[in-house]
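Shown next: final.cif, containing mmCIF, C-alpha atoms.
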```
data_start
loop_
_atom_site.label_atom_id
_atom_site.label_comp_id
_atom_site.auth_asym_id
_atom_site.auth_seq_id
_atom_site.Cartn_x
_atom_site.Cartn_y
_atom_site.Cartn_z
CA MET A 25 14.03 -5.94 -8.13
CA LEU A 26 14.29 -2.63 -6.31
CA THR A 27 16.03 -2.37 -2.96
CA GLY A 28 14.35 -0.58 -0.07
CA LYS A 29 16.49 2.49 -0.76
CA GLU A 30 15.40 2.45 -4.43
CA ILE A 31 11.75 2.08 -3.39
CA LEU A 32 12.18 5.18 -1.24
CA LYS A 33 13.83 7.10 -4.12
CA ASN A 34 10.93 6.14 -6.40
CA ILE A 35 8.44 7.34 -3.79
CA GLU A 36 10.31 10.65 -3.62
CA ASN A 37 10.31 11.04 -7.44
CA GLY A 38 6.64 10.01 -7.83
CA ASN A 39 7.11 6.67 -9.64
CA ILE A 40 5.66 4.90 -6.58
CA VAL A 41 2.82 6.19 -4.41
CA ILE A 42 2.00 4.42 -1.13
CA SER A 43 -0.62 6.07 1.07
CA PRO A 44 -0.45 5.97 3.99
CA PHE A 45 3.32 5.49 3.97
CA ASN A 46 5.23 4.43 7.09
CA ILE A 47 9.03 4.30 6.86
CA ASN A 48 9.00 1.53 9.51
CA GLN A 49 7.29 -0.78 6.99
CA LEU A 50 10.12 -0.42 4.47
CA ASN A 51 12.33 -3.54 4.20
CA PRO A 52 15.63 -4.24 2.41
CA ASN A 53 13.75 -4.99 -0.88
CA SER A 54 10.01 -4.63 -0.13
CA TYR A 55 7.35 -2.64 1.68
CA ASN A 56 4.98 -4.25 4.20
CA VAL A 57 1.25 -3.63 3.63
CA THR A 58 -1.51 -3.94 6.22
CA LEU A 59 -4.87 -5.71 6.27
CA ASN A 60 -8.06 -3.64 6.25
CA SER A 61 -10.79 -4.65 8.71
CA GLU A 62 -13.38 -5.50 6.03
CA LEU A 63 -13.54 -8.81 4.17
CA LEU A 64 -15.88 -10.12 1.50
CA VAL A 65 -17.00 -13.73 1.25
CA TYR A 66 -18.93 -15.20 -1.64
CA ASP A 67 -22.54 -15.86 -0.67
CA CYS A 68 -23.19 -18.94 -2.82
CA ASP A 69 -22.00 -22.53 -2.94
CA CYS A 70 -21.02 -22.55 -6.61
CA LEU A 71 -19.33 -19.61 -8.32
CA ASP A 72 -20.18 -18.90 -11.97
CA MET A 73 -17.51 -17.31 -14.19
CA LYS A 74 -20.14 -15.82 -16.50
CA LYS A 75 -22.05 -13.98 -13.77
CA PRO A 76 -21.35 -11.53 -10.97
CA ASN A 77 -21.32 -13.65 -7.81
CA PRO A 78 -23.00 -12.26 -4.68
CA THR A 79 -20.84 -11.44 -1.66
CA LYS A 80 -21.40 -10.47 1.92
CA LYS A 81 -19.26 -8.22 4.09
CA VAL A 82 -17.51 -9.50 7.22
CA VAL A 83 -15.78 -7.13 9.63
CA ILE A 84 -12.70 -8.27 11.52
CA PRO A 85 -13.19 -7.13 15.13
CA GLU A 86 -10.26 -5.74 17.11
CA ASP A 87 -10.16 -8.99 19.12
CA GLY A 88 -9.77 -10.98 15.90
CA LEU A 89 -11.69 -13.27 13.55
CA VAL A 90 -11.11 -16.99 13.02
CA LEU A 91 -10.85 -17.92 9.34
CA GLU A 92 -12.05 -21.32 8.15
CA PRO A 93 -10.00 -23.59 5.86
CA ASN A 94 -11.26 -24.19 2.31
CA LYS A 95 -13.03 -20.83 2.20
CA LEU A 96 -12.00 -17.80 0.16
CA TYR A 97 -11.95 -14.41 1.85
CA LEU A 98 -11.42 -11.25 -0.18
CA GLY A 99 -9.58 -8.64 1.83
CA ARG A 100 -7.73 -5.50 0.90
CA THR A 101 -4.73 -3.50 1.89
CA ASN A 102 -5.16 -0.30 3.85
CA GLU A 103 -2.56 1.19 1.55
CA TYR A 104 -3.51 2.81 -1.74
CA THR A 105 -0.71 2.47 -4.30
CA GLU A 106 0.20 3.82 -7.70
CA THR A 107 3.11 2.60 -9.80
CA ARG A 108 4.67 4.18 -12.90
CA ASN A 109 7.38 2.54 -15.02
CA LEU A 110 7.75 -0.37 -12.56
CA VAL A 111 5.97 -3.70 -12.06
CA PRO A 112 4.46 -4.03 -8.56
CA CYS A 113 4.11 -7.51 -7.04
CA ILE A 114 2.55 -8.64 -3.76
CA ASP A 115 3.27 -11.68 -1.63
CA GLY A 116 2.54 -12.74 1.90
CA ARG A 117 5.14 -12.10 4.55
CA SER A 118 7.13 -15.21 5.45
CA SER A 119 5.84 -15.10 9.04
CA VAL A 120 2.28 -15.17 7.68
CA GLY A 121 3.06 -18.07 5.34
CA ARG A 122 4.56 -20.04 8.22
CA LEU A 123 1.13 -19.87 9.85
CA GLY A 124 -0.44 -21.46 6.75
CA LEU A 125 -2.11 -18.24 5.61
CA PHE A 126 -2.06 -17.30 1.92
CA ILE A 127 -2.88 -13.75 0.81
CA HIS A 128 -3.20 -14.46 -2.90
CA VAL A 129 -4.32 -17.43 -4.92
CA THR A 130 -2.79 -16.38 -8.24
CA ALA A 131 -2.99 -12.59 -8.46
CA GLY A 132 0.31 -11.50 -6.95
CA PHE A 133 1.41 -9.67 -10.07
CA GLY A 134 0.43 -6.07 -10.70
CA ASP A 135 0.59 -4.04 -13.89
CA VAL A 136 2.54 -0.91 -14.68
CA GLY A 137 0.16 1.97 -14.00
CA PHE A 138 -2.04 0.15 -11.46
CA LYS A 139 -3.75 2.53 -9.04
CA GLY A 140 -5.78 1.42 -6.05
CA THR A 141 -5.76 -0.77 -2.99
CA TRP A 142 -4.77 -4.41 -3.44
CA THR A 143 -7.49 -7.04 -3.18
CA LEU A 144 -6.16 -10.03 -1.24
CA GLU A 145 -7.39 -13.57 -1.96
CA ILE A 146 -7.03 -15.00 1.54
CA GLN A 147 -7.07 -18.72 2.36
CA CYS A 148 -5.77 -20.76 5.27
CA ILE A 149 -4.55 -24.33 5.80
CA GLN A 150 -6.09 -24.65 9.26
CA PRO A 151 -8.26 -22.33 11.37
CA ILE A 152 -6.37 -19.14 12.17
CA LYS A 153 -7.28 -15.99 14.06
CA ILE A 154 -6.48 -12.80 12.15
CA TYR A 155 -6.58 -9.17 13.24
CA PRO A 156 -7.21 -5.86 11.45
CA ASN A 157 -4.27 -3.64 10.47
CA VAL A 158 -1.59 -6.36 10.78
CA GLU A 159 1.32 -6.26 8.34
CA ILE A 160 0.13 -9.19 6.24
CA GLY A 161 1.92 -8.80 2.93
CA GLN A 162 4.77 -7.12 1.13
CA LEU A 163 5.06 -5.24 -2.12
CA HIS A 164 8.18 -5.48 -4.19
CA TYR A 165 8.94 -3.75 -7.47
CA GLU A 166 10.62 -4.96 -10.62
CA LEU A 167 12.15 -2.98 -13.45
CA VAL A 168 10.46 -2.86 -16.84
CA GLN A 169 12.43 -3.36 -20.01
CA GLY A 170 10.99 -1.76 -23.13
CA GLU A 171 8.26 0.77 -23.73
CA CYS A 172 5.55 0.78 -21.05
CA THR A 173 1.82 0.74 -21.61
CA GLU A 174 -0.05 1.63 -18.43
CA TYR A 175 -2.83 -0.56 -17.05
CA LYS A 176 -6.35 0.58 -17.99
CA GLY A 177 -8.25 -2.54 -16.87
CA LYS A 178 -11.39 -3.27 -14.94
CA TYR A 179 -9.74 -3.12 -11.50
CA LEU A 180 -8.15 0.32 -11.93
CA ASN A 181 -8.86 2.70 -9.02
CA GLN A 182 -10.45 0.02 -6.84
CA VAL A 183 -10.80 1.09 -3.22
CA ASP A 184 -12.67 -1.78 -1.57
CA ALA A 185 -11.98 -5.50 -1.77
CA THR A 186 -13.25 -6.29 -5.25
CA PRO A 187 -14.84 -9.59 -6.28
CA SER A 188 -13.97 -11.14 -9.61
CA LYS A 189 -15.11 -9.26 -12.69
CA PHE A 190 -14.26 -12.21 -14.94
CA ASN A 191 -17.86 -12.19 -16.18
CA GLN A 192 -17.04 -8.99 -18.08
CA ASP A 193 -14.60 -10.96 -20.23
CA PHE A 194 -17.56 -12.92 -21.61
CA CYS A 195 -19.23 -9.66 -22.66
CA LYS A 196 -16.36 -8.59 -24.91
CA LYS A 197 -17.50 -8.57 -28.53
CA THR A 198 -15.19 -9.74 -31.22
CA SER A 199 -15.53 -8.58 -34.75
CA PRO A 200 -16.28 -11.31 -37.30
CA LYS A 201 -13.48 -12.25 -39.66
CA SER A 202 -14.13 -11.60 -43.31
#
```

So that I can check it, write out the structure of this file as C-alpha coordinates.
Amino acid sequence: MLTGKEILKNIENGNIVISPFNINQLNPNSYNVTLNSELLVYDCDCLDMKKPNPTKKVVIPEDGLVLEPNKLYLGRTNEYTETRNLVPCIDGRSSVGRLGLFIHVTAGFGDVGFKGTWTLEIQCIQPIKIYPNVEIGQLHYELVQGECTEYKGKYLNQVDATPSKFNQDFCKKTSPKS
(Lines of atoms letter the chains of each structure in order from A and count residues from 1; the text may use other names and numbers.)
(Lines give C-alpha, C1' and ligand atoms only; values in the text may rest on other atoms or scores of the structure.)
Protein backbone atom coordinates (compact mmCIF):
# COMPACT_ATOMS: atom_id res chain seq x y z
CA MET A 1 0.00 0.00 0.00
CA LEU A 2 1.31 3.46 -0.82
CA THR A 3 2.05 5.97 1.91
CA GLY A 4 0.74 9.51 1.65
CA LYS A 5 4.17 10.68 0.45
CA GLU A 6 4.15 7.98 -2.27
CA ILE A 7 0.62 8.98 -3.31
CA LEU A 8 1.89 12.54 -3.72
CA LYS A 9 4.91 11.35 -5.76
CA ASN A 10 2.59 9.35 -8.03
CA ILE A 11 0.38 12.41 -8.50
CA GLU A 12 3.47 14.41 -9.47
CA ASN A 13 4.62 11.74 -11.98
CA GLY A 14 1.13 11.24 -13.48
CA ASN A 15 0.43 7.68 -12.26
CA ILE A 16 -2.41 9.08 -10.09
CA VAL A 17 -4.76 11.90 -11.08
CA ILE A 18 -7.11 13.38 -8.46
CA SER A 19 -9.11 16.43 -9.53
CA PRO A 20 -9.76 18.57 -7.65
CA PHE A 21 -6.78 17.80 -5.41
CA ASN A 22 -6.45 19.27 -1.92
CA ILE A 23 -3.24 18.55 0.00
CA ASN A 24 -5.22 18.83 3.26
CA GLN A 25 -7.12 15.65 2.30
CA LEU A 26 -3.92 13.60 2.05
CA ASN A 27 -3.44 11.15 4.95
CA PRO A 28 -0.52 8.93 6.03
CA ASN A 29 -1.63 6.18 3.57
CA SER A 30 -4.81 7.43 1.86
CA TYR A 31 -6.60 10.40 0.33
CA ASN A 32 -10.00 11.60 1.58
CA VAL A 33 -12.72 12.01 -1.07
CA THR A 34 -15.85 14.13 -0.77
CA LEU A 35 -19.54 13.45 -1.39
CA ASN A 36 -21.27 15.14 -4.33
CA SER A 37 -24.68 16.71 -3.66
CA GLU A 38 -26.59 14.44 -6.07
CA LEU A 39 -27.80 10.94 -5.22
CA LEU A 40 -29.72 8.36 -7.21
CA VAL A 41 -32.29 6.01 -5.71
CA TYR A 42 -33.89 3.11 -7.53
CA ASP A 43 -37.50 3.88 -8.41
CA CYS A 44 -38.94 0.36 -8.13
CA ASP A 45 -39.59 -2.15 -5.37
CA CYS A 46 -37.84 -5.09 -7.02
CA LEU A 47 -34.60 -4.74 -8.97
CA ASP A 48 -34.06 -6.97 -12.02
CA MET A 49 -30.50 -7.98 -12.93
CA LYS A 50 -31.44 -8.49 -16.58
CA LYS A 51 -32.89 -5.00 -17.09
CA PRO A 52 -31.86 -1.39 -16.57
CA ASN A 53 -33.62 -0.33 -13.37
CA PRO A 54 -35.19 3.15 -13.24
CA THR A 55 -33.74 5.71 -10.84
CA LYS A 56 -34.66 9.13 -9.60
CA LYS A 57 -32.35 11.95 -8.59
CA VAL A 58 -32.26 13.32 -5.04
CA VAL A 59 -30.30 16.46 -4.17
CA ILE A 60 -28.70 16.80 -0.75
CA PRO A 61 -29.49 20.34 0.43
CA GLU A 62 -26.86 22.38 2.27
CA ASP A 63 -28.81 21.84 5.52
CA GLY A 64 -28.59 18.07 5.04
CA LEU A 65 -30.69 15.06 4.06
CA VAL A 66 -31.81 12.23 6.34
CA LEU A 67 -31.09 8.80 4.86
CA GLU A 68 -33.40 5.88 5.62
CA PRO A 69 -32.15 2.44 6.73
CA ASN A 70 -32.60 -0.50 4.33
CA LYS A 71 -32.49 1.77 1.29
CA LEU A 72 -29.69 2.00 -1.26
CA TYR A 73 -28.49 5.43 -2.32
CA LEU A 74 -26.04 5.82 -5.20
CA GLY A 75 -23.78 8.78 -4.66
CA ARG A 76 -20.50 9.83 -6.19
CA THR A 77 -17.28 11.49 -5.28
CA ASN A 78 -16.64 15.07 -6.30
CA GLU A 79 -13.16 13.93 -7.24
CA TYR A 80 -12.37 12.57 -10.69
CA THR A 81 -9.52 10.06 -10.55
CA GLU A 82 -7.25 8.19 -12.92
CA THR A 83 -4.83 5.47 -11.91
CA ARG A 84 -1.98 3.91 -13.91
CA ASN A 85 0.08 0.92 -12.76
CA LEU A 86 -1.59 0.91 -9.31
CA VAL A 87 -4.79 -0.60 -7.89
CA PRO A 88 -7.10 2.06 -6.39
CA CYS A 89 -9.41 1.05 -3.52
CA ILE A 90 -12.09 3.04 -1.69
CA ASP A 91 -13.44 2.65 1.82
CA GLY A 92 -15.45 4.76 4.19
CA ARG A 93 -13.63 6.87 6.71
CA SER A 94 -13.62 5.35 10.20
CA SER A 95 -15.57 8.32 11.59
CA VAL A 96 -18.27 7.67 8.98
CA GLY A 97 -18.37 3.95 9.78
CA ARG A 98 -18.76 4.72 13.48
CA LEU A 99 -22.00 6.49 12.57
CA GLY A 100 -23.29 3.30 10.89
CA LEU A 101 -22.91 4.67 7.37
CA PHE A 102 -21.48 2.45 4.62
CA ILE A 103 -20.23 3.95 1.35
CA HIS A 104 -19.90 0.70 -0.58
CA VAL A 105 -21.73 -2.59 -0.53
CA THR A 106 -19.10 -4.64 -2.35
CA ALA A 107 -17.44 -2.39 -4.92
CA GLY A 108 -14.52 -0.94 -2.98
CA PHE A 109 -11.94 -2.30 -5.39
CA GLY A 110 -10.92 -0.38 -8.49
CA ASP A 111 -9.04 -1.55 -11.55
CA VAL A 112 -5.72 -0.41 -12.94
CA GLY A 113 -6.56 2.22 -15.54
CA PHE A 114 -9.92 3.27 -14.05
CA LYS A 115 -10.85 6.84 -14.97
CA GLY A 116 -13.86 8.67 -13.57
CA THR A 117 -15.64 9.62 -10.39
CA TRP A 118 -16.39 6.85 -7.91
CA THR A 119 -19.99 5.71 -7.53
CA LEU A 120 -20.75 5.14 -3.86
CA GLU A 121 -23.27 2.49 -2.74
CA ILE A 122 -24.52 4.22 0.40
CA GLN A 123 -26.51 2.50 3.16
CA CYS A 124 -27.10 3.27 6.82
CA ILE A 125 -27.87 1.26 9.96
CA GLN A 126 -30.20 3.89 11.42
CA PRO A 127 -31.48 7.24 10.12
CA ILE A 128 -28.59 9.64 9.61
CA LYS A 129 -28.37 13.19 8.32
CA ILE A 130 -25.72 13.66 5.63
CA TYR A 131 -24.37 16.80 3.98
CA PRO A 132 -22.90 17.60 0.57
CA ASN A 133 -19.13 17.90 0.13
CA VAL A 134 -18.21 16.09 3.39
CA GLU A 135 -15.08 13.94 3.39
CA ILE A 136 -16.93 10.62 3.33
CA GLY A 137 -14.40 8.11 2.05
CA GLN A 138 -10.74 7.46 1.42
CA LEU A 139 -8.79 6.14 -1.51
CA HIS A 140 -5.74 4.02 -0.98
CA TYR A 141 -3.45 2.51 -3.60
CA GLU A 142 -1.80 -0.86 -3.85
CA LEU A 143 1.14 -1.95 -5.95
CA VAL A 144 0.62 -4.27 -8.92
CA GLN A 145 2.86 -7.25 -9.48
CA GLY A 146 3.18 -8.44 -13.05
CA GLU A 147 2.20 -6.96 -16.38
CA CYS A 148 -0.77 -4.58 -16.20
CA THR A 149 -3.80 -4.57 -18.45
CA GLU A 150 -5.78 -1.35 -18.07
CA TYR A 151 -9.50 -1.35 -17.35
CA LYS A 152 -11.71 -0.92 -20.43
CA GLY A 153 -15.06 -1.81 -18.83
CA LYS A 154 -18.56 -0.41 -18.86
CA TYR A 155 -17.96 2.12 -16.06
CA LEU A 156 -14.88 3.77 -17.60
CA ASN A 157 -15.11 7.59 -17.71
CA GLN A 158 -18.26 7.75 -15.59
CA VAL A 159 -18.97 11.23 -14.29
CA ASP A 160 -22.32 10.91 -12.51
CA ALA A 161 -23.43 8.31 -9.98
CA THR A 162 -23.99 5.31 -12.21
CA PRO A 163 -26.62 2.63 -11.61
CA SER A 164 -25.77 -1.01 -12.18
CA LYS A 165 -25.07 -2.04 -15.76
CA PHE A 166 -25.16 -5.72 -14.83
CA ASN A 167 -27.89 -6.21 -17.45
CA GLN A 168 -25.21 -5.74 -20.12
CA ASP A 169 -23.53 -8.93 -18.92
CA PHE A 170 -26.61 -10.87 -20.07
CA CYS A 171 -26.22 -9.40 -23.56
CA LYS A 172 -22.72 -10.79 -24.07
CA LYS A 173 -22.76 -13.40 -26.82
CA THR A 174 -20.67 -16.49 -26.50
CA SER A 175 -19.53 -18.41 -29.48
CA PRO A 176 -20.80 -21.99 -29.71
CA LYS A 177 -18.27 -24.73 -29.07
CA SER A 178 -17.59 -27.03 -31.98

### Query
Which residues come within 7 Å of region 94-111 of chain A, counting all atoms listed in the file, excluding same-chain residues fewer than 2 positions away, as a VMD selection string?
chain A and resid 39 to 44 57 to 60 62 to 65 92 113 134 to 147 165 to 168 172 184 to 185

Give me a file of those residues, with C-alpha atoms, as a PDB file, keeping the file's coordinate frame.
```pdb
ATOM      1  CA  ASN A  39       7.110   6.670  -9.640  1.00  0.00           C
ATOM      2  CA  ILE A  40       5.660   4.900  -6.580  1.00  0.00           C
ATOM      3  CA  VAL A  41       2.820   6.190  -4.410  1.00  0.00           C
ATOM      4  CA  ILE A  42       2.000   4.420  -1.130  1.00  0.00           C
ATOM      5  CA  SER A  43      -0.620   6.070   1.070  1.00  0.00           C
ATOM      6  CA  PRO A  44      -0.450   5.970   3.990  1.00  0.00           C
ATOM      7  CA  VAL A  57       1.250  -3.630   3.630  1.00  0.00           C
ATOM      8  CA  THR A  58      -1.510  -3.940   6.220  1.00  0.00           C
ATOM      9  CA  LEU A  59      -4.870  -5.710   6.270  1.00  0.00           C
ATOM     10  CA  ASN A  60      -8.060  -3.640   6.250  1.00  0.00           C
ATOM     11  CA  GLU A  62     -13.380  -5.500   6.030  1.00  0.00           C
ATOM     12  CA  LEU A  63     -13.540  -8.810   4.170  1.00  0.00           C
ATOM     13  CA  LEU A  64     -15.880 -10.120   1.500  1.00  0.00           C
ATOM     14  CA  VAL A  65     -17.000 -13.730   1.250  1.00  0.00           C
ATOM     15  CA  GLU A  92     -12.050 -21.320   8.150  1.00  0.00           C
ATOM     16  CA  CYS A 113       4.110  -7.510  -7.040  1.00  0.00           C
ATOM     17  CA  GLY A 134       0.430  -6.070 -10.700  1.00  0.00           C
ATOM     18  CA  ASP A 135       0.590  -4.040 -13.890  1.00  0.00           C
ATOM     19  CA  VAL A 136       2.540  -0.910 -14.680  1.00  0.00           C
ATOM     20  CA  GLY A 137       0.160   1.970 -14.000  1.00  0.00           C
ATOM     21  CA  PHE A 138      -2.040   0.150 -11.460  1.00  0.00           C
ATOM     22  CA  LYS A 139      -3.750   2.530  -9.040  1.00  0.00           C
ATOM     23  CA  GLY A 140      -5.780   1.420  -6.050  1.00  0.00           C
ATOM     24  CA  THR A 141      -5.760  -0.770  -2.990  1.00  0.00           C
ATOM     25  CA  TRP A 142      -4.770  -4.410  -3.440  1.00  0.00           C
ATOM     26  CA  THR A 143      -7.490  -7.040  -3.180  1.00  0.00           C
ATOM     27  CA  LEU A 144      -6.160 -10.030  -1.240  1.00  0.00           C
ATOM     28  CA  GLU A 145      -7.390 -13.570  -1.960  1.00  0.00           C
ATOM     29  CA  ILE A 146      -7.030 -15.000   1.540  1.00  0.00           C
ATOM     30  CA  GLN A 147      -7.070 -18.720   2.360  1.00  0.00           C
ATOM     31  CA  TYR A 165       8.940  -3.750  -7.470  1.00  0.00           C
ATOM     32  CA  GLU A 166      10.620  -4.960 -10.620  1.00  0.00           C
ATOM     33  CA  LEU A 167      12.150  -2.980 -13.450  1.00  0.00           C
ATOM     34  CA  VAL A 168      10.460  -2.860 -16.840  1.00  0.00           C
ATOM     35  CA  CYS A 172       5.550   0.780 -21.050  1.00  0.00           C
ATOM     36  CA  ASP A 184     -12.670  -1.780  -1.570  1.00  0.00           C
ATOM     37  CA  ALA A 185     -11.980  -5.500  -1.770  1.00  0.00           C
TER      38      ALA A 185
END
```

## Note on the structure
In terms of only C-alpha atoms, the residue from A:Leu163, A:Leu89, A:Ile149, A:Val83 at minimal distance from Gly116 (chain A) is A:Leu163

Which protein, DNA or RNA residues are at most 7 Å from (-6.7, -12.5, 8.9) in the file's coordinates when you count all atoms listed in the file, listed as a PDB file with C-alpha atoms, keeping the file's coordinate frame?
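Here's the written file point.pdb:
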```pdb
ATOM      1  CA  LEU A  89     -11.690 -13.270  13.550  1.00  0.00           C
ATOM      2  CA  LEU A  91     -10.850 -17.920   9.340  1.00  0.00           C
ATOM      3  CA  LYS A 153      -7.280 -15.990  14.060  1.00  0.00           C
ATOM      4  CA  ILE A 154      -6.480 -12.800  12.150  1.00  0.00           C
ATOM      5  CA  TYR A 155      -6.580  -9.170  13.240  1.00  0.00           C
TER       6      TYR A 155
END
```

#### Entry: Spatial neighbours of Cys148 (chain A), max dist 6 Å, all atoms listed in the file, sep filter under 6 positions, as a PyMOL selection string
chain A and resi 93+124-125

### Message
Once the PyMOL selection byres ((chain A and resi 55) around 9) is applied to the coordinates I shared, what remains selected? I want it as a ChimeraX atom specification.
### Response
/A:28,31,47,49-54,56-57,161-164

### Task
Give me the residues within 9 Å of Gln192 (chain A) as a PyMOL selection string, counting only C-alpha atoms and dropping any in the same chain fewer than 6 places off.
chain A and resi 74-76+178

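Our summary of the geometry notes that CA of Phe133 (chain A) is positioned 19.0 Å from CA of Asp193 (chain A).
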
As JSON: centre and edge lengths in Å, one decimal, of the axis-aligned box holding region 136-155 of chain A with 6 Å per side:
```
{"center_x": -2.9, "center_y": -11.1, "center_z": -0.3, "size_x": 22.8, "size_y": 39.2, "size_z": 40.7}
```

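From CA of Gly132 (chain A) back to CA of Ile114 (chain A), the distance works out to 4.8 Å.
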
#### Entry: Chain and number of each residue from the PyMOL selection byres ((chain A and resi 188) around 9), as an MDAnalysis selection string
chainID A and resid 73 76:77 186:187 189:191

### Query
Between CA of Ile84 (chain A) and CA of Leu71 (chain A), what is the spacing in Å?
23.8 Å

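Minimum atom-to-atom distances from A:Phe45, A:Ser119, A:Glu171, A:His128 to Leu32 (chain A) were compared using all atoms listed in the file, and the lowest value belongs to A:Phe45.
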
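Distance annotation: of A:Asn157, A:Arg122, A:Asn37, A:Asn181, the residue with the minimal separation from Asp87 (chain A) is A:Asn157; atom set is only C-alpha atoms.
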
### Message
Nearest residue to Pro85 (chain A) out of A:Met25, A:Pro156, A:Asp115, A:Phe194, using only C-alpha atoms?
### Response
A:Pro156

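Minimum distance to Glu86 (chain A) across A:Val158, A:Ala131, A:Val183, A:Cys195 (counting all atoms listed in the file) occurs at A:Val158.
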
Can region 45-75 of chain A be brought up to N, CA and C atoms and written out as an mmCIF file, keeping the file's coordinate frame?
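Saved to result-v1.cif:
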```cif
data_model
loop_
_atom_site.group_PDB
_atom_site.id
_atom_site.type_symbol
_atom_site.label_atom_id
_atom_site.label_comp_id
_atom_site.auth_asym_id
_atom_site.auth_seq_id
_atom_site.Cartn_x
_atom_site.Cartn_y
_atom_site.Cartn_z
ATOM 1 N N PHE A 45 1.964 6.022 4.014
ATOM 2 C CA PHE A 45 3.320 5.490 3.970
ATOM 3 C C PHE A 45 3.907 5.563 5.373
ATOM 4 N N ASN A 46 4.572 4.479 5.795
ATOM 5 C CA ASN A 46 5.230 4.430 7.090
ATOM 6 C C ASN A 46 6.637 3.880 6.855
ATOM 7 N N ILE A 47 7.635 4.696 7.100
ATOM 8 C CA ILE A 47 9.030 4.300 6.860
ATOM 9 C C ILE A 47 9.389 3.015 7.610
ATOM 10 N N ASN A 48 8.723 2.737 8.730
ATOM 11 C CA ASN A 48 9.000 1.530 9.510
ATOM 12 C C ASN A 48 8.547 0.253 8.809
ATOM 13 N N GLN A 49 7.746 0.384 7.750
ATOM 14 C CA GLN A 49 7.290 -0.780 6.990
ATOM 15 C C GLN A 49 8.168 -1.056 5.767
ATOM 16 N N LEU A 50 9.195 -0.244 5.578
ATOM 17 C CA LEU A 50 10.120 -0.420 4.470
ATOM 18 C C LEU A 50 11.174 -1.457 4.854
ATOM 19 N N ASN A 51 11.383 -2.437 3.971
ATOM 20 C CA ASN A 51 12.330 -3.540 4.200
ATOM 21 C C ASN A 51 13.507 -3.410 3.230
ATOM 22 N N PRO A 52 14.485 -4.315 3.318
ATOM 23 C CA PRO A 52 15.630 -4.240 2.410
ATOM 24 C C PRO A 52 15.261 -4.291 0.922
ATOM 25 N N ASN A 53 14.163 -4.974 0.536
ATOM 26 C CA ASN A 53 13.750 -4.990 -0.880
ATOM 27 C C ASN A 53 12.232 -5.117 -1.024
ATOM 28 N N SER A 54 11.476 -4.591 -0.048
ATOM 29 C CA SER A 54 10.010 -4.630 -0.130
ATOM 30 C C SER A 54 9.406 -3.624 0.842
ATOM 31 N N TYR A 55 8.089 -3.512 0.773
ATOM 32 C CA TYR A 55 7.350 -2.640 1.680
ATOM 33 C C TYR A 55 6.177 -3.440 2.247
ATOM 34 N N ASN A 56 6.053 -3.507 3.565
ATOM 35 C CA ASN A 56 4.980 -4.250 4.200
ATOM 36 C C ASN A 56 3.652 -3.493 4.086
ATOM 37 N N VAL A 57 2.589 -4.215 3.714
ATOM 38 C CA VAL A 57 1.250 -3.630 3.630
ATOM 39 C C VAL A 57 0.373 -4.266 4.706
ATOM 40 N N THR A 58 -0.666 -3.520 5.107
ATOM 41 C CA THR A 58 -1.510 -3.940 6.220
ATOM 42 C C THR A 58 -2.907 -4.333 5.752
ATOM 43 N N LEU A 59 -3.560 -5.151 6.568
ATOM 44 C CA LEU A 59 -4.870 -5.710 6.270
ATOM 45 C C LEU A 59 -5.979 -4.794 6.770
ATOM 46 N N ASN A 60 -6.884 -4.407 5.877
ATOM 47 C CA ASN A 60 -8.060 -3.640 6.250
ATOM 48 C C ASN A 60 -9.004 -4.522 7.066
ATOM 49 N N SER A 61 -9.894 -3.908 7.823
ATOM 50 C CA SER A 61 -10.790 -4.650 8.710
ATOM 51 C C SER A 61 -11.990 -5.280 8.005
ATOM 52 N N GLU A 62 -12.226 -4.947 6.731
ATOM 53 C CA GLU A 62 -13.380 -5.500 6.030
ATOM 54 C C GLU A 62 -12.962 -6.605 5.060
ATOM 55 N N LEU A 63 -13.726 -7.701 5.094
ATOM 56 C CA LEU A 63 -13.540 -8.810 4.170
ATOM 57 C C LEU A 63 -14.835 -9.025 3.401
ATOM 58 N N LEU A 64 -14.717 -9.638 2.233
ATOM 59 C CA LEU A 64 -15.880 -10.120 1.500
ATOM 60 C C LEU A 64 -15.782 -11.631 1.419
ATOM 61 N N VAL A 65 -16.937 -12.298 1.502
ATOM 62 C CA VAL A 65 -17.000 -13.730 1.250
ATOM 63 C C VAL A 65 -18.112 -13.955 0.238
ATOM 64 N N TYR A 66 -17.895 -14.895 -0.663
ATOM 65 C CA TYR A 66 -18.930 -15.200 -1.640
ATOM 66 C C TYR A 66 -20.113 -15.838 -0.926
ATOM 67 N N ASP A 67 -21.304 -15.450 -1.336
ATOM 68 C CA ASP A 67 -22.540 -15.860 -0.670
ATOM 69 C C ASP A 67 -23.301 -16.893 -1.490
ATOM 70 N N CYS A 68 -22.560 -17.856 -2.071
ATOM 71 C CA CYS A 68 -23.190 -18.940 -2.820
ATOM 72 C C CYS A 68 -22.248 -20.136 -2.796
ATOM 73 N N ASP A 69 -22.809 -21.305 -3.012
ATOM 74 C CA ASP A 69 -22.000 -22.530 -2.940
ATOM 75 C C ASP A 69 -21.192 -22.783 -4.200
ATOM 76 N N CYS A 70 -21.704 -22.329 -5.345
ATOM 77 C CA CYS A 70 -21.020 -22.550 -6.610
ATOM 78 C C CYS A 70 -20.845 -21.221 -7.329
ATOM 79 N N LEU A 71 -19.615 -20.863 -7.606
ATOM 80 C CA LEU A 71 -19.330 -19.610 -8.320
ATOM 81 C C LEU A 71 -19.478 -19.838 -9.817
ATOM 82 N N ASP A 72 -19.959 -18.828 -10.526
ATOM 83 C CA ASP A 72 -20.180 -18.900 -11.970
ATOM 84 C C ASP A 72 -19.324 -17.826 -12.642
ATOM 85 N N MET A 73 -18.399 -18.254 -13.506
ATOM 86 C CA MET A 73 -17.510 -17.310 -14.190
ATOM 87 C C MET A 73 -18.238 -16.314 -15.075
ATOM 88 N N LYS A 74 -19.408 -16.680 -15.565
ATOM 89 C CA LYS A 74 -20.140 -15.820 -16.500
ATOM 90 C C LYS A 74 -21.035 -14.803 -15.810
ATOM 91 N N LYS A 75 -21.132 -14.862 -14.488
ATOM 92 C CA LYS A 75 -22.050 -13.980 -13.770
ATOM 93 C C LYS A 75 -21.343 -13.275 -12.627
#
```
